[in-house]
$ cat final_2.tsv   # TSV, C-alpha atoms and all ligand atoms
chain	number	residue	atom	x	y	z
N	17	MET	CA	133.91	119.72	138.98
N	18	SER	CA	136.76	118.53	136.83
N	19	ASP	CA	136.99	118.51	133.07
N	20	SER	CA	136.92	114.73	133.06
N	21	MET	CA	133.35	114.58	134.39
N	22	ILE	CA	131.80	114.52	130.98
N	23	LYS	CA	133.18	112.83	127.91
N	24	ASP	CA	132.79	116.04	125.96
N	25	ASP	CA	134.93	117.06	123.03
N	26	GLN	CA	135.66	120.66	123.95
N	27	ASP	CA	135.92	121.64	120.28
N	28	THR	CA	132.58	120.30	119.09
N	29	GLU	CA	129.01	121.00	120.06
N	30	TYR	CA	127.73	118.50	122.62
N	31	GLN	CA	125.27	116.28	120.77
N	32	GLU	CA	124.14	113.53	123.16
N	33	TYR	CA	120.61	114.86	123.28
N	34	ASP	CA	120.07	115.35	119.56
N	35	GLU	CA	116.86	116.48	117.89
N	36	SER	CA	115.46	112.96	117.24
N	37	TYR	CA	116.15	111.78	120.75
N	38	ASN	CA	114.65	114.96	122.24
N	39	ALA	CA	111.53	114.61	120.06
N	40	ILE	CA	110.95	111.12	121.43
N	41	LEU	CA	111.64	112.01	125.06
N	42	GLU	CA	109.42	115.09	124.84
N	43	GLY	CA	106.73	112.96	123.15
N	44	VAL	CA	106.81	110.48	126.04
N	45	TRP	CA	107.37	112.90	128.92
N	46	GLY	CA	105.59	116.07	127.77
N	47	GLU	CA	106.50	119.44	126.30
N	48	GLY	CA	109.85	120.75	127.53
N	49	PHE	CA	110.79	117.61	129.48
N	50	LEU	CA	113.62	115.14	128.89
N	51	SER	CA	112.79	113.31	132.11
N	52	PRO	CA	109.67	111.77	133.64
N	53	GLY	CA	106.86	113.23	135.71
N	54	GLY	CA	106.50	116.71	134.20
N	55	PRO	CA	105.38	119.71	136.29
N	56	GLU	CA	103.98	117.47	139.06
N	57	GLU	CA	107.41	115.98	139.66
N	58	VAL	CA	108.96	119.46	139.72
N	59	ASP	CA	106.42	120.51	142.38
N	60	SER	CA	107.12	117.36	144.34
N	61	ILE	CA	110.90	118.00	144.29
N	62	LEU	CA	110.28	121.55	145.59
N	63	GLU	CA	107.49	120.65	148.02
N	64	GLY	CA	107.50	122.74	151.20
N	65	LEU	CA	110.02	125.32	149.98
N	66	ASP	CA	108.81	128.92	149.70
N	67	LEU	CA	110.48	130.25	146.53
N	68	THR	CA	109.15	133.82	146.80
N	69	ASP	CA	111.78	136.28	145.50
N	70	TYR	CA	114.30	133.46	145.20
N	71	THR	CA	117.18	133.21	142.76
N	72	ILE	CA	117.42	129.63	141.47
N	73	LEU	CA	119.96	127.67	139.48
N	74	ASP	CA	118.88	124.64	137.41
N	75	ILE	CA	121.78	122.32	136.56
N	76	GLY	CA	121.13	120.49	133.25
N	77	CYS	CA	118.02	122.40	132.12
N	78	GLY	CA	117.52	120.44	128.87
N	79	LEU	CA	114.55	121.93	127.00
N	80	GLY	CA	113.64	124.08	130.02
N	81	GLY	CA	110.29	122.51	130.97
N	82	ALA	CA	111.06	122.71	134.70
N	83	ASP	CA	112.39	126.27	134.45
N	84	PHE	CA	109.29	127.55	132.66
N	85	HIS	CA	106.99	125.75	135.08
N	86	ILE	CA	108.85	127.25	138.07
N	87	ALA	CA	108.86	130.74	136.52
N	88	GLN	CA	105.10	130.52	135.86
N	89	SER	CA	103.96	128.83	139.06
N	90	TYR	CA	106.11	130.36	141.80
N	91	LYS	CA	106.80	134.02	142.64
N	92	ILE	CA	110.52	133.67	142.00
N	93	LYS	CA	112.97	136.45	141.28
N	94	GLN	CA	115.01	134.60	138.65
N	95	ILE	CA	115.79	131.09	137.44
N	96	THR	CA	118.94	130.37	135.43
N	97	GLY	CA	119.12	127.09	133.53
N	98	ILE	CA	122.55	125.83	132.54
N	99	ASP	CA	123.38	123.02	130.15
N	100	ILE	CA	126.39	121.81	128.22
N	101	ALA	CA	124.32	121.42	125.02
N	102	ASP	CA	124.23	124.62	122.98
N	103	ASN	CA	121.25	123.41	120.90
N	104	LEU	CA	119.17	122.89	124.05
N	105	VAL	CA	120.13	126.25	125.56
N	106	ASN	CA	119.24	128.03	122.32
N	107	HIS	CA	115.91	126.22	122.27
N	108	CYS	CA	115.26	127.40	125.88
N	109	LYS	CA	116.10	131.01	124.99
N	110	GLN	CA	113.64	130.97	122.09
N	111	THR	CA	110.94	129.32	124.18
N	112	ALA	CA	111.41	131.92	126.94
N	113	ILE	CA	110.69	134.70	124.45
N	114	ALA	CA	107.73	132.82	122.95
N	115	LYS	CA	106.26	132.24	126.43
N	116	ASN	CA	106.93	135.82	127.51
N	117	LEU	CA	109.14	134.55	130.32
N	118	ALA	CA	112.46	136.11	129.30
N	119	ASP	CA	112.38	138.54	132.25
N	120	ASN	CA	112.74	135.98	135.01
N	121	THR	CA	114.39	133.10	133.16
N	122	SER	CA	117.85	132.96	131.64
N	123	PHE	CA	119.82	130.17	130.01
N	124	LEU	CA	123.52	129.62	129.66
N	125	THR	CA	125.71	127.08	127.87
N	126	VAL	CA	128.48	125.89	130.18
N	127	LYS	CA	131.51	123.68	129.89
N	128	PRO	CA	131.76	120.79	132.33
N	129	GLY	CA	133.68	122.28	135.23
N	130	PRO	CA	133.09	124.65	138.13
N	131	LEU	CA	129.69	126.34	138.16
N	132	PRO	CA	130.17	129.86	136.73
N	133	PHE	CA	128.49	131.65	139.65
N	134	ASP	CA	129.73	133.55	142.68
N	135	GLU	CA	129.82	132.14	146.19
N	136	GLY	CA	126.39	132.44	147.85
N	137	ALA	CA	124.68	133.66	144.67
N	138	MET	CA	121.76	131.17	144.77
N	139	ASP	CA	118.86	130.62	147.16
N	140	ILE	CA	118.10	127.22	145.61
N	141	VAL	CA	120.10	124.89	143.41
N	142	PHE	CA	117.62	122.70	141.54
N	143	SER	CA	118.31	119.87	139.12
N	144	LYS	CA	116.11	117.30	137.45
N	145	ASP	CA	117.67	114.02	136.34
N	146	SER	CA	120.91	115.57	135.05
N	147	ILE	CA	123.50	114.90	137.75
N	148	ILE	CA	123.71	111.29	136.56
N	149	HIS	CA	125.81	112.72	133.73
N	150	ILE	CA	128.35	114.24	136.13
N	151	ALA	CA	130.71	111.56	137.37
N	152	ASP	CA	132.39	113.36	140.28
N	153	LYS	CA	129.54	113.80	142.76
N	154	HIS	CA	131.92	114.98	145.50
N	155	SER	CA	133.30	117.94	143.52
N	156	LEU	CA	129.82	118.82	142.33
N	157	ALA	CA	128.38	118.77	145.89
N	158	LYS	CA	131.15	121.13	147.06
N	159	ASP	CA	130.47	123.47	144.16
N	160	ILE	CA	126.70	123.46	144.78
N	161	TYR	CA	127.42	124.27	148.44
N	162	ARG	CA	129.69	127.14	147.36
N	163	VAL	CA	127.11	128.84	145.11
N	164	LEU	CA	124.29	128.48	147.68
N	165	ARG	CA	123.81	131.21	150.26
N	166	PRO	CA	123.91	130.09	153.90
N	167	GLY	CA	120.50	128.52	154.60
N	168	GLY	CA	119.93	127.84	150.89
N	169	TRP	CA	118.65	124.48	149.64
N	170	PHE	CA	119.77	121.92	147.11
N	171	ALA	CA	116.55	120.28	145.81
N	172	ALA	CA	116.88	117.79	142.97
N	173	SER	CA	115.91	114.51	141.45
N	174	ASP	CA	118.36	112.10	139.90
N	175	TRP	CA	118.80	108.51	138.76
N	176	LEU	CA	120.63	106.61	141.52
N	177	ALA	CA	121.77	103.01	141.75
N	178	SER	CA	120.62	100.99	144.75
N	179	HIS	CA	124.26	100.16	145.58
N	180	ASP	CA	127.78	101.35	144.86
N	181	GLY	CA	129.09	97.92	143.85
N	182	PRO	CA	129.62	96.67	140.31
N	183	PRO	CA	126.45	96.98	138.20
N	184	SER	CA	124.48	93.81	137.41
N	185	SER	CA	124.58	92.43	133.86
N	186	GLU	CA	121.03	93.78	133.48
N	187	MET	CA	122.18	97.28	134.45
N	188	ILE	CA	125.13	97.07	132.04
N	189	ALA	CA	122.72	96.04	129.26
N	190	TYR	CA	120.47	99.00	130.08
N	191	GLU	CA	123.35	101.50	130.19
N	192	GLU	CA	124.74	100.17	126.90
N	193	ALA	CA	121.31	100.46	125.27
N	194	GLU	CA	120.98	104.08	126.46
N	195	GLY	CA	124.43	104.89	125.07
N	196	LEU	CA	124.64	107.97	127.30
N	197	ASP	CA	127.66	108.94	129.37
N	198	PHE	CA	126.10	107.88	132.67
N	199	GLY	CA	127.96	108.46	135.92
N	200	LEU	CA	125.47	106.31	137.83
N	201	ALA	CA	126.24	106.19	141.56
N	202	GLY	CA	124.58	104.81	144.66
N	203	HIS	CA	122.85	106.42	147.64
N	204	ASP	CA	126.03	106.15	149.77
N	205	THR	CA	128.11	108.10	147.24
N	206	TYR	CA	125.57	110.93	147.13
N	207	GLU	CA	125.16	110.99	150.92
N	208	HIS	CA	128.91	111.02	151.51
N	209	ALA	CA	129.41	113.74	148.87
N	210	LEU	CA	126.74	115.96	150.46
N	211	GLN	CA	128.03	115.35	154.00
N	212	GLU	CA	131.64	116.00	153.03
N	213	ALA	CA	130.63	119.26	151.32
N	214	GLY	CA	129.11	120.43	154.64
N	215	PHE	CA	125.37	120.05	153.94
N	216	GLN	CA	122.86	119.38	156.73
N	217	ASN	CA	119.24	118.14	156.72
N	218	ILE	CA	120.09	115.65	153.97
N	219	GLU	CA	117.09	113.66	152.75
N	220	PHE	CA	116.56	110.99	150.11
N	221	ASN	CA	113.21	109.85	148.72
N	222	ASN	CA	113.47	106.74	146.54
N	223	ARG	CA	110.86	107.03	143.76
N	224	ASN	CA	111.40	103.54	142.31
N	225	GLY	CA	107.86	102.42	143.30
N	226	TRP	CA	106.27	105.33	141.45
N	227	TYR	CA	108.42	105.08	138.34
N	228	ARG	CA	108.15	101.30	137.92
N	229	ASN	CA	104.46	101.76	137.11
N	230	GLN	CA	104.97	104.97	135.17
N	231	ALA	CA	107.66	103.37	132.95
N	232	ARG	CA	105.25	100.58	131.98
N	233	GLU	CA	102.68	103.16	130.90
N	234	GLU	CA	105.34	105.04	128.92
N	235	ARG	CA	106.41	101.81	127.21
N	236	SER	CA	102.76	101.06	126.27
N	237	ASN	CA	102.34	104.58	124.87
N	238	LEU	CA	105.57	104.29	122.88
N	239	ALA	CA	104.49	101.00	121.32
N	240	GLY	CA	100.84	102.11	121.03
N	241	PRO	CA	99.29	105.57	120.62
N	242	LEU	CA	102.57	107.45	120.21
N	243	TYR	CA	104.21	105.04	117.78
N	244	GLU	CA	102.97	106.46	114.45
N	245	GLU	CA	103.47	110.10	115.48
N	246	LEU	CA	107.03	109.48	116.65
N	247	LYS	CA	107.78	107.32	113.60
N	248	GLU	CA	106.92	110.31	111.40
N	249	LYS	CA	109.41	112.46	113.31
N	250	THR	CA	112.29	110.04	113.78
N	251	GLY	CA	111.71	106.83	111.77
N	252	SER	CA	110.52	103.46	113.05
N	253	ALA	CA	114.03	102.07	113.75
N	254	PHE	CA	114.61	104.83	116.27
N	255	VAL	CA	111.28	104.30	118.02
N	256	ASP	CA	111.94	100.55	118.14
N	257	GLN	CA	115.34	101.26	119.69
N	258	LEU	CA	113.67	103.39	122.36
N	259	ILE	CA	111.18	100.61	123.13
N	260	ASP	CA	114.14	98.27	123.62
N	261	ILE	CA	115.70	100.81	126.03
N	262	TRP	CA	112.42	100.97	127.98
N	263	ASP	CA	112.29	97.15	128.19
N	264	LYS	CA	115.81	97.06	129.60
N	265	MET	CA	115.06	99.95	131.97
N	266	ILE	CA	111.93	98.22	133.34
N	267	ILE	CA	114.07	95.17	134.20
N	268	VAL	CA	116.48	97.24	136.35
N	269	LEU	CA	113.56	99.16	137.87
N	270	ASP	CA	111.89	95.87	138.82
N	271	ARG	CA	115.18	94.63	140.32
N	272	GLY	CA	115.14	97.81	142.44
N	273	GLU	CA	118.61	98.62	141.09
N	274	LEU	CA	117.66	101.82	139.25
N	275	CYS	CA	116.21	104.32	141.69
N	276	PRO	CA	114.86	107.67	140.55
N	277	THR	CA	115.38	109.64	143.77
N	278	HIS	CA	114.51	113.04	145.20
N	279	LEU	CA	117.40	114.69	147.04
N	280	ARG	CA	117.25	117.53	149.51
N	281	ALA	CA	120.07	119.17	151.52
N	282	GLN	CA	120.64	122.55	153.18
N	283	ARG	CA	123.72	124.73	153.46
N	284	PRO	CA	123.83	125.59	157.17
N	285	LEU	CA	123.06	129.15	158.22
H	1	LIG	C1	118.01	113.76	131.21
H	1	LIG	S1	118.32	115.39	130.65
H	1	LIG	C2	117.28	116.29	131.79
H	1	LIG	C3	116.96	117.66	131.30
H	1	LIG	C4	115.97	118.45	132.15
H	1	LIG	N1	116.46	118.67	133.49
H	1	LIG	C5	114.63	117.75	132.22
H	1	LIG	O1	114.29	117.21	133.28
H	1	LIG	O2	113.94	117.74	131.20
H	1	LIG	C6	119.96	115.71	131.23
H	1	LIG	C7	120.53	117.06	130.82
H	1	LIG	O3	121.77	117.28	131.49
H	1	LIG	C8	122.63	117.96	130.60
H	1	LIG	N2	124.02	117.84	131.12
H	1	LIG	C9	124.85	116.77	131.04
H	1	LIG	N3	126.01	117.06	131.67
H	1	LIG	C10	125.92	118.32	132.18
H	1	LIG	C11	126.79	119.17	132.94
H	1	LIG	N4	128.02	118.80	133.31
H	1	LIG	N5	126.36	120.40	133.26
H	1	LIG	C12	125.12	120.82	132.90
H	1	LIG	N6	124.25	120.05	132.18
H	1	LIG	C13	124.64	118.82	131.82
H	1	LIG	C14	122.35	117.29	129.27
H	1	LIG	O4	122.80	118.03	128.15
H	1	LIG	C15	120.82	117.19	129.33
H	1	LIG	O5	120.19	118.33	128.84
$ encode --input "final_2.tsv" --output "structure tokens"
Amino acid sequence: MSDSMIKDDQDTEYQEYDESYNAILEGVWGEGFLSPGGPEEVDSILEGLDLTDYTILDIGCGLGGADFHIAQSYKIKQITGIDIADNLVNHCKQTAIAKNLADNTSFLTVKPGPLPFDEGAMDIVFSKDSIIHIADKHSLAKDIYRVLRPGGWFAASDWLASHDGPPSSEMIAYEEAEGLDFGLAGHDTYEHALQEAGFQNIEFNNRNGWYRNQAREERSNLAGPLYEELKEKTGSAFVDQLIDIWDKMIIVLDRGELCPTHLRAQRPL
């Protein structure tokens, strides 16, 4: 990964996911999650993999919901969550102690750049909806391949575009509303990046059909039962802004242009 992947001021704490934004996302998506689907989605991403005694890396752990679920539900050896946001990593460390999971979870703040792990150190590299923030998918795929042991799996979900051409005006409106540093890329970019890195058994599962419905429910909750509670935490202007983001997101989901996708690939033995 190169330093240019993330628009991150190296001298200041990374603040894209600030407390208000996290409170809203967690309110919509459940405790510990800054992405949709919760523990069920995590299980679905990992379906069929036996994690017993495995050492796992989670790229972009956020508030650690996936890491704690994996540590509690699978007989893993260790999961390490990395994130570029110090506030999120500190939150994860405190939660690990509170949940009595500090023995088989660890959390690390990283700078955008090469993964700080040795070649072959991981049995699984997991990630949930974070790679969208990393622009250079090819460098990242090579680095994931490097830290996996031969036979190890990359198992992730991410937000993909349906194509690698210029985004539609609707997609531009959605990305502008989000205001995040998206490095949205299409299926072909991911597939090429994984192939070029040397992966085999590459699989994609487009989850657009599932999330189109889910996003409508989330939007109804935001404008309905959750509204007052979130307003108390963040103010009504912020909740209204989030509802606007959801409206714009539903448009690009309905166009089939935004594709939450499960990704799977294996480093050959
Ligand atoms: C949408 S959130 C998902 C968080 C978590 N995986 C979840 O599902 O709740 C994306 C996360 O990726 C992190 N992130 C962005 N760029 C990163 C990078 N280069 N390396 C590691 N984490 C990164 C962000 O700080 C944020 O916590």
$ residues_near_ligand --input "final_2.tsv" --ligand "ligand LIG 1 (chain H)" --cutoff "8 Å" --atoms "only C-alpha atoms and all ligand atoms" --output "MDAnalysis selection string"
chainID N and resid 21:22 30:33 48:52 54 74:82 98:101 104 126:129 143:150
$ atom_distance --input "final_2.tsv" --atom1 "CA of Ile40 (chain N)" --atom2 "CA of Ala151 (chain N)"
25.4 Å
$ residues_around --input "final_2.tsv" --residues "Glu192 (chain N)" --least-positions-apart "6" --cutoff "12 Å" --atoms "only C-alpha atoms" --output "PDB file with C-alpha atoms, in the coordinates of the input"
ATOM      1  CA  PRO N 183     126.450  96.980 138.200  1.00  0.00           C
ATOM      2  CA  SER N 185     124.580  92.430 133.860  1.00  0.00           C
ATOM      3  CA  GLU N 186     121.030  93.780 133.480  1.00  0.00           C
ATOM      4  CA  PHE N 198     126.100 107.880 132.670  1.00  0.00           C
ATOM      5  CA  GLN N 257     115.340 101.260 119.690  1.00  0.00           C
ATOM      6  CA  ASP N 260     114.140  98.270 123.620  1.00  0.00           C
ATOM      7  CA  ILE N 261     115.700 100.810 126.030  1.00  0.00           C
ATOM      8  CA  LYS N 264     115.810  97.060 129.600  1.00  0.00           C
ATOM      9  CA  MET N 265     115.060  99.950 131.970  1.00  0.00           C
TER      10      MET N 265
END
$ residues_around --input "final_2.tsv" --residues "Arg232 (chain N)" --least-positions-apart "5" --cutoff "9 Å" --atoms "only C-alpha atoms" --output "PyMOL selection string"
chain N and resi 227+237+262-263+266
$ residues_around --input "final_2.tsv" --residues "Leu164 (chain N)" --least-positions-apart "2" --cutoff "7 Å" --atoms "only C-alpha atoms" --output "PyMOL selection string"
chain N and resi 135-141+160-162+166+168+283
$ atom_distance --input "final_2.tsv" --atom1 "CA of Ala193 (chain N)" --atom2 "CA of Lys247 (chain N)"
19.1 Å
$ residues_around --input "final_2.tsv" --residues "Ile92 (chain N)" --least-positions-apart "3" --cutoff "6 Å" --atoms "only C-alpha atoms" --output "list in words"
Leu67, Thr68, Asp69 and Tyr70 of chain N
$ residues_around --input "final_2.tsv" --residues "Leu117 (chain N)" --least-positions-apart "6" --cutoff "12 Å" --atoms "only C-alpha atoms" --output "list in words"
Gly80, Asp83, Phe84, His85, Ile86, Ala87, Gln88, Ser89, Ile92, Lys93, Gln94, Ile95, Thr96, Cys108, Lys109, Gln110, Thr111 and Phe123 of chain N
$ residues_near_point --input "final_2.tsv" --point "(123.8, 118.2, 145.1)" --cutoff "9 Å" --atoms "all atoms listed in the file" --output "ChimeraX atom specification"
/N:141-143,147,153-154,156-161,170-172,206,209-210,279-281
$ closest_residue --input "final_2.tsv" --among "N:Glu56, N:Asp256, N:Glu42, N:Glu219" --to "Arg235 (chain N)" --atoms "all atoms listed in the file"
N:Asp256
$ closest_residue --input "final_2.tsv" --among "N:Ile218, N:Ala118, N:Leu269, N:Leu242" --to "Trp45 (chain N)" --atoms "all atoms listed in the file"
N:Leu242
$ closest_residue --input "final_2.tsv" --among "N:Lys115, N:Asn217, N:Asp152, N:Leu65" --to "Lys91 (chain N)" --atoms "all atoms listed in the file"
N:Leu65
$ atom_distance --input "final_2.tsv" --atom1 "CA of Leu131 (chain N)" --atom2 "CA of Ala213 (chain N)"
15.0 Å
$ closest_residue --input "final_2.tsv" --among "N:Cys275, N:Ile267, N:Leu258, N:Leu285" --to "Gly214 (chain N)" --atoms "only C-alpha atoms"
N:Leu285
$ closest_residue --input "final_2.tsv" --among "N:Pro276, N:Gly240, N:Pro132, N:Gly97" --to "Asn120 (chain N)" --atoms "only C-alpha atoms"
N:Gly97
$ closest_residue --input "final_2.tsv" --among "N:Glu244, N:Glu63, N:Asp119, N:Asp270" --to "Ser178 (chain N)" --atoms "all atoms listed in the file"
N:Asp270
$ build_atoms --input "final_2.tsv" --residues "region 131-142 of chain N" --atoms "all heavy atoms" --output "compact mmCIF listing (two decimals), in the coordinates of the input"
# COMPACT_ATOMS: atom_id res chain seq x y z
N LEU N 131 130.89 125.56 138.50
CA LEU N 131 129.69 126.34 138.16
C LEU N 131 130.09 127.81 138.04
O LEU N 131 130.75 128.34 138.95
CB LEU N 131 128.62 126.17 139.25
CG LEU N 131 128.12 124.74 139.46
CD1 LEU N 131 127.34 124.60 140.78
CD2 LEU N 131 127.25 124.28 138.29
N PRO N 132 129.70 128.48 136.96
CA PRO N 132 130.17 129.86 136.73
C PRO N 132 129.33 130.89 137.49
O PRO N 132 128.77 131.80 136.91
CB PRO N 132 130.02 130.02 135.21
CG PRO N 132 128.87 129.13 134.86
CD PRO N 132 128.88 127.98 135.83
N PHE N 133 129.27 130.73 138.81
CA PHE N 133 128.49 131.65 139.65
C PHE N 133 129.28 131.95 140.92
O PHE N 133 130.09 131.12 141.37
CB PHE N 133 127.13 131.03 140.00
CG PHE N 133 126.32 130.70 138.78
CD1 PHE N 133 126.30 129.42 138.26
CD2 PHE N 133 125.61 131.70 138.11
CE1 PHE N 133 125.59 129.12 137.10
CE2 PHE N 133 124.90 131.42 136.95
CZ PHE N 133 124.89 130.13 136.45
N ASP N 134 129.00 133.13 141.49
CA ASP N 134 129.73 133.55 142.68
C ASP N 134 129.29 132.77 143.92
O ASP N 134 128.16 132.25 143.96
CB ASP N 134 129.47 135.05 142.96
CG ASP N 134 130.12 135.92 141.90
OD1 ASP N 134 131.05 135.44 141.21
OD2 ASP N 134 129.67 137.07 141.74
N GLU N 135 130.15 132.75 144.89
CA GLU N 135 129.82 132.14 146.19
C GLU N 135 128.54 132.77 146.74
O GLU N 135 128.38 134.00 146.74
CB GLU N 135 130.99 132.37 147.15
CG GLU N 135 130.62 132.21 148.60
CD GLU N 135 131.58 131.32 149.38
OE1 GLU N 135 132.75 131.27 148.99
OE2 GLU N 135 131.13 130.71 150.36
N GLY N 136 127.61 131.96 147.18
CA GLY N 136 126.39 132.44 147.85
C GLY N 136 125.39 133.11 146.93
O GLY N 136 124.46 133.77 147.40
N ALA N 137 125.54 132.93 145.61
CA ALA N 137 124.68 133.66 144.67
C ALA N 137 123.25 133.09 144.58
O ALA N 137 122.34 133.78 144.14
CB ALA N 137 125.30 133.64 143.28
N MET N 138 123.05 131.84 145.00
CA MET N 138 121.76 131.17 144.77
C MET N 138 121.02 130.88 146.08
O MET N 138 121.62 130.48 147.08
CB MET N 138 121.99 129.82 144.06
CG MET N 138 122.69 129.95 142.73
SD MET N 138 121.62 130.82 141.55
CE MET N 138 122.84 131.33 140.33
N ASP N 139 119.69 131.05 146.03
CA ASP N 139 118.86 130.62 147.16
C ASP N 139 118.57 129.13 147.08
O ASP N 139 118.43 128.46 148.10
CB ASP N 139 117.52 131.38 147.14
CG ASP N 139 117.72 132.88 147.33
OD1 ASP N 139 118.25 133.28 148.39
OD2 ASP N 139 117.37 133.64 146.40
N ILE N 140 118.40 128.65 145.84
CA ILE N 140 118.10 127.22 145.61
C ILE N 140 118.95 126.74 144.43
O ILE N 140 119.03 127.43 143.41
CB ILE N 140 116.63 127.00 145.19
CG1 ILE N 140 115.65 127.56 146.23
CG2 ILE N 140 116.34 125.55 144.86
CD1 ILE N 140 115.01 126.58 147.14
N VAL N 141 119.55 125.58 144.58
CA VAL N 141 120.10 124.89 143.41
C VAL N 141 119.18 123.70 143.15
O VAL N 141 119.03 122.81 144.00
CB VAL N 141 121.55 124.45 143.61
CG1 VAL N 141 122.01 123.59 142.42
CG2 VAL N 141 122.47 125.65 143.77
N PHE N 142 118.56 123.73 141.97
CA PHE N 142 117.62 122.70 141.54
C PHE N 142 118.30 121.90 140.43
O PHE N 142 119.16 122.41 139.71
CB PHE N 142 116.35 123.41 141.01
CG PHE N 142 115.36 122.49 140.34
CD1 PHE N 142 114.37 121.86 141.08
CD2 PHE N 142 115.38 122.29 138.96
CE1 PHE N 142 113.43 121.04 140.47
CE2 PHE N 142 114.45 121.47 138.34
CZ PHE N 142 113.47 120.84 139.10
